[in-house]
>>> print(open('structure_7.pdb').read())   # PDB, C-alpha atoms
MODEL        1
ATOM      1  CA  MET A 318     -39.570  76.139  -2.838
ATOM      2  CA  ASP A 319     -36.355  78.184  -3.033
ATOM      3  CA  LEU A 320     -34.161  77.009  -5.929
ATOM      4  CA  ALA A 321     -31.062  78.055  -4.003
ATOM      5  CA  LEU A 322     -31.965  75.568  -1.285
ATOM      6  CA  LEU A 323     -32.446  72.815  -3.858
ATOM      7  CA  ARG A 324     -29.124  73.656  -5.497
ATOM      8  CA  THR A 325     -27.366  73.388  -2.131
ATOM      9  CA  PHE A 326     -29.182  70.134  -1.383
ATOM     10  CA  VAL A 327     -28.163  68.523  -4.683
ATOM     11  CA  THR A 328     -24.570  69.645  -4.219
ATOM     12  CA  VAL A 329     -24.435  68.113  -0.734
ATOM     13  CA  HIS A 330     -26.051  64.932  -2.050
ATOM     14  CA  ARG A 331     -23.370  64.592  -4.726
ATOM     15  CA  ALA A 332     -20.478  65.667  -2.526
ATOM     16  CA  GLY A 333     -21.448  63.531   0.464
ATOM     17  CA  SER A 334     -20.185  66.263   2.761
ATOM     18  CA  PHE A 335     -21.306  69.697   3.943
ATOM     19  CA  THR A 336     -17.689  70.859   3.924
ATOM     20  CA  ARG A 337     -16.982  69.791   0.331
ATOM     21  CA  ALA A 338     -20.326  71.144  -0.861
ATOM     22  CA  ALA A 339     -19.513  74.489   0.766
ATOM     23  CA  ALA A 340     -16.247  74.652  -1.191
ATOM     24  CA  LEU A 341     -18.058  73.911  -4.453
ATOM     25  CA  LEU A 342     -20.745  76.508  -3.791
ATOM     26  CA  GLY A 343     -18.423  79.204  -2.438
ATOM     27  CA  LEU A 344     -20.307  79.261   0.846
ATOM     28  CA  SER A 345     -19.314  78.692   4.450
ATOM     29  CA  GLN A 346     -20.001  75.301   5.974
ATOM     30  CA  PRO A 347     -22.450  76.795   8.549
ATOM     31  CA  ALA A 348     -24.364  78.461   5.677
ATOM     32  CA  VAL A 349     -24.742  75.122   3.892
ATOM     33  CA  THR A 350     -25.841  73.438   7.112
ATOM     34  CA  SER A 351     -28.397  76.199   7.714
ATOM     35  CA  GLN A 352     -29.824  75.882   4.188
ATOM     36  CA  ILE A 353     -30.220  72.122   4.490
ATOM     37  CA  ARG A 354     -31.967  72.513   7.851
ATOM     38  CA  THR A 355     -34.306  75.097   6.343
ATOM     39  CA  LEU A 356     -35.184  72.734   3.491
ATOM     40  CA  GLU A 357     -35.740  69.869   5.930
ATOM     41  CA  ARG A 358     -38.105  72.047   7.988
ATOM     42  CA  GLN A 359     -40.039  73.002   4.856
ATOM     43  CA  LEU A 360     -40.409  69.350   3.827
ATOM     44  CA  GLY A 361     -40.950  68.062   7.351
ATOM     45  CA  ARG A 362     -38.526  65.199   6.695
ATOM     46  CA  PRO A 363     -34.805  64.619   7.314
ATOM     47  CA  LEU A 364     -32.789  64.565   4.088
ATOM     48  CA  PHE A 365     -29.429  63.419   5.438
ATOM     49  CA  LEU A 366     -28.055  61.296   8.234
ATOM     50  CA  ARG A 367     -25.107  63.088   9.834
ATOM     51  CA  GLN A 368     -22.052  60.860  10.325
ATOM     52  CA  ALA A 369     -18.498  61.276  11.568
ATOM     53  CA  ARG A 370     -17.276  61.551   7.980
ATOM     54  CA  GLY A 371     -19.767  63.363   5.824
ATOM     55  CA  VAL A 372     -23.462  62.642   5.404
ATOM     56  CA  THR A 373     -25.612  59.861   3.971
ATOM     57  CA  PRO A 374     -28.917  60.684   2.241
ATOM     58  CA  THR A 375     -32.134  59.280   3.652
ATOM     59  CA  THR A 376     -34.619  57.534   1.369
ATOM     60  CA  ILE A 377     -36.500  60.830   1.038
ATOM     61  CA  GLY A 378     -33.216  62.599   0.274
ATOM     62  CA  ASP A 379     -32.370  60.148  -2.505
ATOM     63  CA  GLU A 380     -35.848  60.497  -4.001
ATOM     64  CA  LEU A 381     -35.690  64.297  -3.975
ATOM     65  CA  ALA A 382     -32.209  64.321  -5.536
ATOM     66  CA  HIS A 383     -33.336  61.949  -8.301
ATOM     67  CA  LYS A 384     -36.246  64.242  -9.153
ATOM     68  CA  ALA A 385     -34.551  67.633  -8.729
ATOM     69  CA  ALA A 386     -31.023  67.132 -10.082
ATOM     70  CA  PRO A 387     -31.854  66.837 -13.825
ATOM     71  CA  HIS A 388     -33.904  70.036 -13.751
ATOM     72  CA  LEU A 389     -31.233  71.964 -11.845
ATOM     73  CA  ASP A 390     -28.584  70.708 -14.287
ATOM     74  CA  ALA A 391     -30.730  71.951 -17.170
ATOM     75  CA  LEU A 392     -30.952  75.401 -15.561
ATOM     76  CA  VAL A 393     -27.162  75.449 -15.121
ATOM     77  CA  GLU A 394     -26.789  74.577 -18.803
ATOM     78  CA  ILE A 395     -28.985  77.523 -19.785
ATOM     79  CA  THR A 396     -27.069  79.975 -17.617
ATOM     80  CA  GLU A 397     -23.654  78.739 -18.786
ATOM     81  CA  THR A 398     -24.381  78.594 -22.515
ATOM     82  CA  GLY A 399     -26.554  81.703 -22.742
ATOM     83  CA  LEU A 400     -29.310  82.365 -25.238
ATOM     84  CA  ASP A 401     -26.973  82.835 -28.206
ATOM     85  CA  ASP A 402     -24.808  79.698 -28.282
ATOM     86  CA  GLU A 403     -22.614  80.946 -31.122
ATOM     87  CA  SER A 404     -21.809  84.433 -29.893
ATOM     88  CA  SER A 405     -19.475  83.913 -26.962
ATOM     89  CA  VAL A 406     -16.229  82.108 -26.294
ATOM     90  CA  ARG A 407     -16.411  79.633 -23.422
ATOM     91  CA  THR A 408     -13.371  78.253 -21.645
ATOM     92  CA  LEU A 409     -12.763  74.592 -20.887
ATOM     93  CA  HIS A 410     -10.470  73.886 -17.928
ATOM     94  CA  LEU A 411      -8.575  70.595 -18.152
ATOM     95  CA  ALA A 412      -6.258  69.029 -15.573
ATOM     96  CA  GLY A 413      -4.108  65.918 -15.680
ATOM     97  CA  PRO A 414      -0.611  64.454 -15.456
ATOM     98  CA  PRO A 415       1.875  66.608 -17.409
ATOM     99  CA  GLU A 416       3.179  64.054 -19.911
ATOM    100  CA  PHE A 417      -0.078  62.374 -20.911
ATOM    101  CA  THR A 418      -1.975  65.654 -20.971
ATOM    102  CA  ALA A 419       0.703  67.336 -23.112
ATOM    103  CA  GLU A 420       1.296  64.450 -25.491
ATOM    104  CA  ARG A 421      -2.227  63.084 -25.862
ATOM    105  CA  ALA A 422      -5.108  65.165 -24.515
ATOM    106  CA  LEU A 423      -4.072  68.706 -25.419
ATOM    107  CA  PRO A 424      -3.278  68.003 -29.104
ATOM    108  CA  ALA A 425      -6.671  66.292 -29.438
ATOM    109  CA  LEU A 426      -8.605  69.099 -27.773
ATOM    110  CA  ALA A 427      -6.622  71.776 -29.618
ATOM    111  CA  GLU A 428      -8.499  70.723 -32.754
ATOM    112  CA  LEU A 429     -11.668  72.022 -31.119
ATOM    113  CA  THR A 430     -10.175  75.498 -30.685
ATOM    114  CA  GLY A 431      -9.364  75.964 -34.357
ATOM    115  CA  GLU A 432     -11.623  76.393 -37.338
ATOM    116  CA  GLY A 433     -15.132  75.316 -36.399
ATOM    117  CA  GLY A 434     -14.232  75.178 -32.710
ATOM    118  CA  HIS A 435     -17.571  76.747 -31.726
ATOM    119  CA  GLY A 436     -16.028  79.400 -29.523
ATOM    120  CA  LEU A 437     -13.917  77.092 -27.362
ATOM    121  CA  ALA A 438     -10.955  78.361 -25.377
ATOM    122  CA  LEU A 439      -8.741  75.875 -23.554
ATOM    123  CA  ARG A 440      -6.868  76.165 -20.257
ATOM    124  CA  ALA A 441      -4.777  73.317 -18.849
ATOM    125  CA  SER A 442      -3.026  72.624 -15.569
ATOM    126  CA  PHE A 443      -0.843  69.735 -14.446
ATOM    127  CA  GLY A 444      -0.754  67.872 -11.162
ATOM    128  CA  THR A 445      -0.813  64.583  -9.321
ATOM    129  CA  ALA A 446      -3.938  62.440  -9.268
ATOM    130  CA  GLU A 447      -4.879  63.777  -5.849
ATOM    131  CA  GLU A 448      -4.337  67.389  -6.924
ATOM    132  CA  VAL A 449      -6.393  67.180 -10.116
ATOM    133  CA  LEU A 450      -9.269  65.327  -8.441
ATOM    134  CA  ASP A 451      -9.374  67.779  -5.547
ATOM    135  CA  GLY A 452      -9.319  70.669  -8.019
ATOM    136  CA  LEU A 453     -12.119  69.119 -10.051
ATOM    137  CA  ALA A 454     -14.226  68.532  -6.934
ATOM    138  CA  ALA A 455     -13.680  72.144  -5.878
ATOM    139  CA  GLY A 456     -14.842  73.424  -9.263
ATOM    140  CA  HIS A 457     -11.452  74.629 -10.512
ATOM    141  CA  HIS A 458     -11.500  72.256 -13.518
ATOM    142  CA  ASP A 459     -14.156  70.954 -15.895
ATOM    143  CA  LEU A 460     -12.399  67.728 -16.874
ATOM    144  CA  ALA A 461      -9.655  65.724 -15.206
ATOM    145  CA  ILE A 462      -7.510  62.883 -16.487
ATOM    146  CA  THR A 463      -6.028  60.522 -13.932
ATOM    147  CA  THR A 464      -5.078  56.916 -13.256
ATOM    148  CA  VAL A 465      -6.960  56.940  -9.926
ATOM    149  CA  ARG A 466     -10.695  56.280  -9.874
ATOM    150  CA  PRO A 467     -12.504  58.738  -7.590
ATOM    151  CA  ARG A 468     -14.753  57.532  -4.808
ATOM    152  CA  GLY A 469     -18.201  58.790  -3.951
ATOM    153  CA  ALA A 470     -20.988  60.265  -6.035
ATOM    154  CA  LEU A 471     -19.532  63.744  -6.525
ATOM    155  CA  LEU A 472     -17.248  62.711  -9.423
ATOM    156  CA  THR A 473     -17.985  60.391 -12.351
ATOM    157  CA  ALA A 474     -15.177  58.505 -14.124
ATOM    158  CA  THR A 475     -15.157  56.956 -17.609
ATOM    159  CA  PRO A 476     -12.328  54.669 -18.827
ATOM    160  CA  LEU A 477     -10.271  56.536 -21.404
ATOM    161  CA  CYS A 478      -7.408  54.281 -22.521
ATOM    162  CA  ASP A 479      -4.678  51.914 -21.395
ATOM    163  CA  GLU A 480      -0.969  52.628 -21.656
ATOM    164  CA  GLU A 481       1.623  49.876 -22.002
ATOM    165  CA  HIS A 482       4.808  50.151 -19.968
ATOM    166  CA  VAL A 483       8.145  49.144 -21.501
ATOM    167  CA  LEU A 484      11.604  48.561 -20.052
ATOM    168  CA  ILE A 485      14.216  50.550 -21.983
ATOM    169  CA  ALA A 486      17.855  51.624 -21.990
ATOM    170  CA  ALA A 487      20.295  53.204 -24.395
ATOM    171  CA  PRO A 488      21.872  50.828 -26.980
ATOM    172  CA  GLY A 489      24.875  49.054 -25.515
ATOM    173  CA  ARG A 490      24.008  50.083 -21.926
ATOM    174  CA  VAL A 491      22.726  46.567 -21.226
ATOM    175  CA  ASP A 492      21.950  43.565 -23.432
ATOM    176  CA  PRO A 493      18.286  42.803 -24.047
ATOM    177  CA  ILE A 494      16.897  39.929 -21.962
ATOM    178  CA  HIS A 495      16.075  36.875 -24.032
ATOM    179  CA  ALA A 496      12.971  34.805 -23.430
ATOM    180  CA  GLU A 497      14.925  31.536 -23.199
ATOM    181  CA  LYS A 498      16.576  32.592 -19.935
ATOM    182  CA  PRO A 499      15.267  30.607 -16.926
ATOM    183  CA  TYR A 500      12.649  32.157 -14.628
ATOM    184  CA  GLY A 501      14.240  34.591 -12.252
ATOM    185  CA  ALA A 502      17.346  35.130 -14.381
ATOM    186  CA  GLU A 503      15.745  38.077 -16.167
ATOM    187  CA  ALA A 504      15.554  40.247 -13.070
ATOM    188  CA  ALA A 505      18.969  39.049 -11.854
ATOM    189  CA  ALA A 506      20.540  40.182 -15.122
ATOM    190  CA  LEU A 507      19.428  43.743 -14.375
ATOM    191  CA  GLU A 508      20.484  43.945 -10.731
ATOM    192  CA  GLY A 509      22.907  46.749  -9.981
ATOM    193  CA  LEU A 510      22.142  48.706 -13.131
ATOM    194  CA  PRO A 511      21.381  52.416 -12.565
ATOM    195  CA  VAL A 512      17.732  53.406 -12.687
ATOM    196  CA  VAL A 513      16.179  56.643 -13.940
ATOM    197  CA  GLU A 514      12.833  57.430 -12.307
ATOM    198  CA  VAL A 515      10.320  60.118 -11.376
ATOM    199  CA  HIS A 516      10.448  59.494  -7.618
ATOM    200  CA  GLU A 517      12.692  57.905  -5.005
ATOM    201  CA  SER A 518      10.104  55.155  -4.494
ATOM    202  CA  LEU A 519      10.675  54.001  -8.113
ATOM    203  CA  PRO A 520       6.935  53.741  -8.910
ATOM    204  CA  PHE A 521       7.260  52.711 -12.567
ATOM    205  CA  VAL A 522      10.167  50.307 -12.126
ATOM    206  CA  SER A 523       8.682  48.745  -8.987
ATOM    207  CA  ARG A 524       5.328  48.188 -10.694
ATOM    208  CA  TYR A 525       7.067  46.597 -13.702
ATOM    209  CA  TRP A 526       9.238  44.321 -11.532
ATOM    210  CA  ALA A 527       6.234  43.180  -9.485
ATOM    211  CA  SER A 528       4.123  42.480 -12.573
ATOM    212  CA  VAL A 529       6.759  40.895 -14.825
ATOM    213  CA  PHE A 530       9.418  39.440 -12.527
ATOM    214  CA  ASP A 531       7.319  38.929  -9.371
ATOM    215  CA  SER A 532      10.046  40.625  -7.358
ATOM    216  CA  ARG A 533      11.290  44.017  -6.231
ATOM    217  CA  PRO A 534      14.051  45.969  -7.995
ATOM    218  CA  ALA A 535      17.402  45.787  -6.241
ATOM    219  CA  ALA A 536      18.885  49.004  -7.626
ATOM    220  CA  ALA A 537      18.350  52.493  -6.268
ATOM    221  CA  GLY A 538      17.572  55.509  -8.391
ATOM    222  CA  ALA A 539      20.613  57.015 -10.084
ATOM    223  CA  VAL A 540      18.644  59.919 -11.571
ATOM    224  CA  ILE A 541      15.351  61.133 -10.100
ATOM    225  CA  VAL A 542      13.467  63.746 -12.118
ATOM    226  CA  PRO A 543       9.698  64.403 -11.843
ATOM    227  CA  ASP A 544       8.878  64.339 -15.563
ATOM    228  CA  LEU A 545       8.740  61.264 -17.774
ATOM    229  CA  ARG A 546      10.013  63.224 -20.764
ATOM    230  CA  ALA A 547      13.127  64.127 -18.783
ATOM    231  CA  VAL A 548      13.476  60.469 -17.787
ATOM    232  CA  LEU A 549      13.532  59.538 -21.484
ATOM    233  CA  ALA A 550      16.154  62.188 -22.217
ATOM    234  CA  CYS A 551      18.387  60.857 -19.436
ATOM    235  CA  VAL A 552      17.988  57.253 -20.589
ATOM    236  CA  THR A 553      18.834  58.267 -24.159
ATOM    237  CA  ALA A 554      21.991  59.910 -22.829
ATOM    238  CA  GLY A 555      23.006  56.613 -21.190
ATOM    239  CA  ALA A 556      22.136  57.348 -17.552
ATOM    240  CA  GLY A 557      20.512  53.952 -16.983
ATOM    241  CA  LEU A 558      17.377  51.927 -17.539
ATOM    242  CA  ALA A 559      13.807  53.087 -17.060
ATOM    243  CA  VAL A 560      10.216  51.982 -17.439
ATOM    244  CA  LEU A 561       8.135  54.337 -19.584
ATOM    245  CA  PRO A 562       4.768  54.371 -21.352
ATOM    246  CA  ARG A 563       5.189  53.075 -24.896
ATOM    247  CA  TYR A 564       3.494  56.119 -26.449
ATOM    248  CA  LEU A 565       6.136  58.356 -24.901
ATOM    249  CA  CYS A 566       9.171  56.447 -26.167
ATOM    250  CA  VAL A 567       7.909  54.842 -29.394
ATOM    251  CA  ALA A 568       9.641  57.445 -31.577
ATOM    252  CA  ALA A 569      12.925  56.958 -29.715
ATOM    253  CA  LEU A 570      12.566  53.182 -30.126
ATOM    254  CA  ASP A 571      11.919  53.562 -33.852
ATOM    255  CA  ARG A 572      15.005  55.780 -34.244
ATOM    256  CA  GLY A 573      17.152  53.397 -32.229
ATOM    257  CA  ASP A 574      17.912  55.996 -29.557
ATOM    258  CA  VAL A 575      16.770  53.450 -26.952
ATOM    259  CA  VAL A 576      16.100  49.719 -27.057
ATOM    260  CA  GLU A 577      13.444  47.615 -25.373
ATOM    261  CA  LEU A 578      15.163  45.274 -22.922
ATOM    262  CA  HIS A 579      12.337  42.794 -22.424
ATOM    263  CA  ARG A 580       9.018  41.861 -24.016
ATOM    264  CA  PRO A 581       6.910  40.014 -21.456
ATOM    265  CA  PRO A 582       3.964  37.905 -22.696
ATOM    266  CA  VAL A 583       1.585  40.209 -20.835
ATOM    267  CA  PRO A 584       2.983  43.757 -20.608
ATOM    268  CA  PRO A 585       2.099  45.898 -17.597
ATOM    269  CA  LEU A 586      -0.741  48.301 -18.297
ATOM    270  CA  ARG A 587      -2.070  51.408 -16.591
ATOM    271  CA  THR A 588      -5.590  52.710 -17.206
ATOM    272  CA  TYR A 589      -6.450  56.383 -17.548
ATOM    273  CA  VAL A 590      -9.921  57.622 -16.677
ATOM    274  CA  LEU A 591     -11.699  60.804 -17.713
ATOM    275  CA  VAL A 592     -13.435  62.414 -14.738
ATOM    276  CA  VAL A 593     -16.152  65.071 -14.457
ATOM    277  CA  ARG A 594     -18.300  66.399 -11.649
ATOM    278  CA  THR A 595     -21.502  64.402 -11.667
ATOM    279  CA  GLY A 596     -24.166  66.173 -13.707
ATOM    280  CA  THR A 597     -21.836  68.504 -15.623
ATOM    281  CA  LEU A 598     -22.070  66.452 -18.818
ATOM    282  CA  ALA A 599     -25.400  68.256 -19.246
ATOM    283  CA  THR A 600     -23.257  71.278 -20.185
ATOM    284  CA  PRO A 601     -22.644  71.144 -23.972
ATOM    285  CA  LEU A 602     -19.070  72.465 -23.723
ATOM    286  CA  ILE A 603     -17.987  69.748 -21.286
ATOM    287  CA  ALA A 604     -19.980  67.042 -23.052
ATOM    288  CA  ARG A 605     -18.400  67.911 -26.419
ATOM    289  CA  ALA A 606     -14.848  67.831 -25.024
ATOM    290  CA  HIS A 607     -15.577  64.639 -23.092
ATOM    291  CA  ASP A 608     -16.889  62.872 -26.194
ATOM    292  CA  TRP A 609     -14.039  64.233 -28.341
ATOM    293  CA  LEU A 610     -11.406  62.794 -25.992
ATOM    294  CA  LEU A 611     -13.115  59.421 -25.815
ATOM    295  CA  ARG A 612     -13.184  59.188 -29.610
ATOM    296  CA  ALA A 613      -9.573  60.338 -29.915
ATOM    297  CA  ALA A 614      -8.476  57.769 -27.313
ATOM    298  CA  ALA A 615      -9.638  54.931 -29.565
ATOM    299  CA  ASP A 616      -6.465  55.572 -31.610
ATOM    300  CA  TRP A 617      -4.161  55.776 -28.579
ATOM    301  CA  CYS A 618      -4.421  52.155 -27.435
TER     302      CYS A 618
ENDMDL
END
>>> encode(input="structure_7.pdb", output="structure tokens")
Amino acid sequence: MDLALLRTFVTVHRAGSFTRAAALLGLSQPAVTSQIRTLERQLGRPLFLRQARGVTPTTIGDELAHKAAPHLDALVEITETGLDDESSVRTLHLAGPPEFTAERALPALAELTGEGGHGLALRASFGTAEEVLDGLAAGHHDLAITTVRPRGALLTATPLCDEEHVLIAAPGRVDPIHAEKPYGAEAAALEGLPVVEVHESLPFVSRYWASVFDSRPAAAGAVIVPDLRAVLACVTAGAGLAVLPRYLCVAALDRGDVVELHRPPVPPLRTYVLVVRTGTLATPLIARAHDWLLRAAADWC
């Protein structure tokens, strides 16, 4: 049996779509369809049920994928690592949100590129959750960090860490909210205050208000800038209040540049996940970086 046909079959099985599999393989969609039909003729059995959106494997298709995928992954590992594992520099491509990737993931992975880094080079790109997951699915990245769990079998997600969100402002901009205030008074005390955010929809502030105050923020954005580090700089300068991940503003809180306005009993959290294409953890380079990030994240919570 032609290994190229099996490789195409496994890719379609994981992608759940001829079109997405074609993008991963660098082939045209008709070429992928033709290869799957050839394999089905050779086996005398249908491997996929064609649907309006993608394909669903038959029982025979699932059985073949279960048997073939580990062996194909092992062959990919051999071709990617080469016979002399110590002689060449291999590049890891990472994608994620700019702030978390810059402040957390890249410093951790940079340790792997230094002394004893085993020939690792690192390339990073930033983007939205949709952008990094699409890029990972298309084979542009090896690892992706996101707060959105991917659907389908093509991508595999592992919980990485939680980030706590805090409500902050510059000292003197607004008085901290005290716990003894009656329910509902906390949010009312903040109405009309300018808000600094990353988008007009106020995603961080709206999520905080819904979780903590069970309401929607009344104020509009005074400053909108698509980078949380810039949001912190504007808040420090007195532009208004903001909701930020604690890891990003903890140093500013310690210095007194900003103050925490409210400490709810249960702070809002957001979970990051580490995502790979299914099967690629058989590649030592990706597996090592994946494990390194998971261990580093134990100190981020």
>>> atom_distance(input="structure_7.pdb", atom1="CA of Thr375 (chain A)", atom2="CA of Leu598 (chain A)")
25.6 Å
>>> atom_distance(input="structure_7.pdb", atom1="CA of Gly557 (chain A)", atom2="CA of Glu416 (chain A)")
20.3 Å
>>> residues_around(input="structure_7.pdb", residues="Ser528 (chain A)", least_positions_apart="5", cutoff="10 Å", atoms="only C-alpha atoms", output="ChimeraX atom specification")
/A:522-523,533,581,583-586
>>> axis_aligned_box(input="structure_7.pdb", around="region 436-453 of chain A", padding_each_side="4 Å", output="JSON")
{"center_x": -8.4, "center_y": 70.9, "center_z": -17.5, "size_x": 23.3, "size_y": 25.0, "size_z": 32.0}
>>> resolve_selection(input="structure_7.pdb", expression="the PyMOL selection byres ((chain A and resi 333) around 12)", output="VMD selection string")
chain A and resid 325 to 332 334 to 339 341 364 to 375 378 to 379 454 468 to 472
>>> closest_residue(input="structure_7.pdb", among="A:Ala606, A:Val593, A:Ala486, A:Leu578", to="Cys551 (chain A)", atoms="all atoms listed in the file")
A:Ala486
>>> atom_distance(input="structure_7.pdb", atom1="CA of Arg440 (chain A)", atom2="CA of Leu411 (chain A)")
6.2 Å
>>> resolve_selection(input="structure_7.pdb", expression="the PyMOL selection byres ((chain A and resi 439) around 6)", output="CSV table (one decimal) with C-alpha atoms, in the coordinates of the input")
chain,number,residue,atom,x,y,z
A,408,THR,CA,-13.4,78.3,-21.6
A,409,LEU,CA,-12.8,74.6,-20.9
A,438,ALA,CA,-11.0,78.4,-25.4
A,440,ARG,CA,-6.9,76.2,-20.3
>>> resolve_selection(input="structure_7.pdb", expression="the PyMOL selection byres ((chain A and resi 354-360) around 10)", output="list in words")
Met318, Asp319, Leu322, Leu323, Thr325, Phe326, Ala348, Val349, Thr350, Ser351, Gln352, Ile353, Gly361, Arg362, Pro363, Leu364, Phe365, Ile377 and Gly378 of chain A
>>> residues_around(input="structure_7.pdb", residues="region 384-391 of chain A", least_positions_apart="4", cutoff="8 Å", atoms="only C-alpha atoms", output="compact mmCIF listing (two decimals) with C-alpha atoms, in the frame of the given file")
# COMPACT_ATOMS: atom_id res chain seq x y z
CA LEU A 323 -32.45 72.82 -3.86
CA ARG A 324 -29.12 73.66 -5.50
CA VAL A 327 -28.16 68.52 -4.68
CA GLU A 380 -35.85 60.50 -4.00
CA ILE A 395 -28.98 77.52 -19.78
CA GLY A 596 -24.17 66.17 -13.71
CA THR A 597 -21.84 68.50 -15.62
CA ALA A 599 -25.40 68.26 -19.25
CA THR A 600 -23.26 71.28 -20.18
>>> residues_near_point(input="structure_7.pdb", point="(-3.5, 61.6, -24.6)", cutoff="9 Å", atoms="all atoms listed in the file", output="PyMOL selection string")
chain A and resi 416-425+478+610+613-614+617
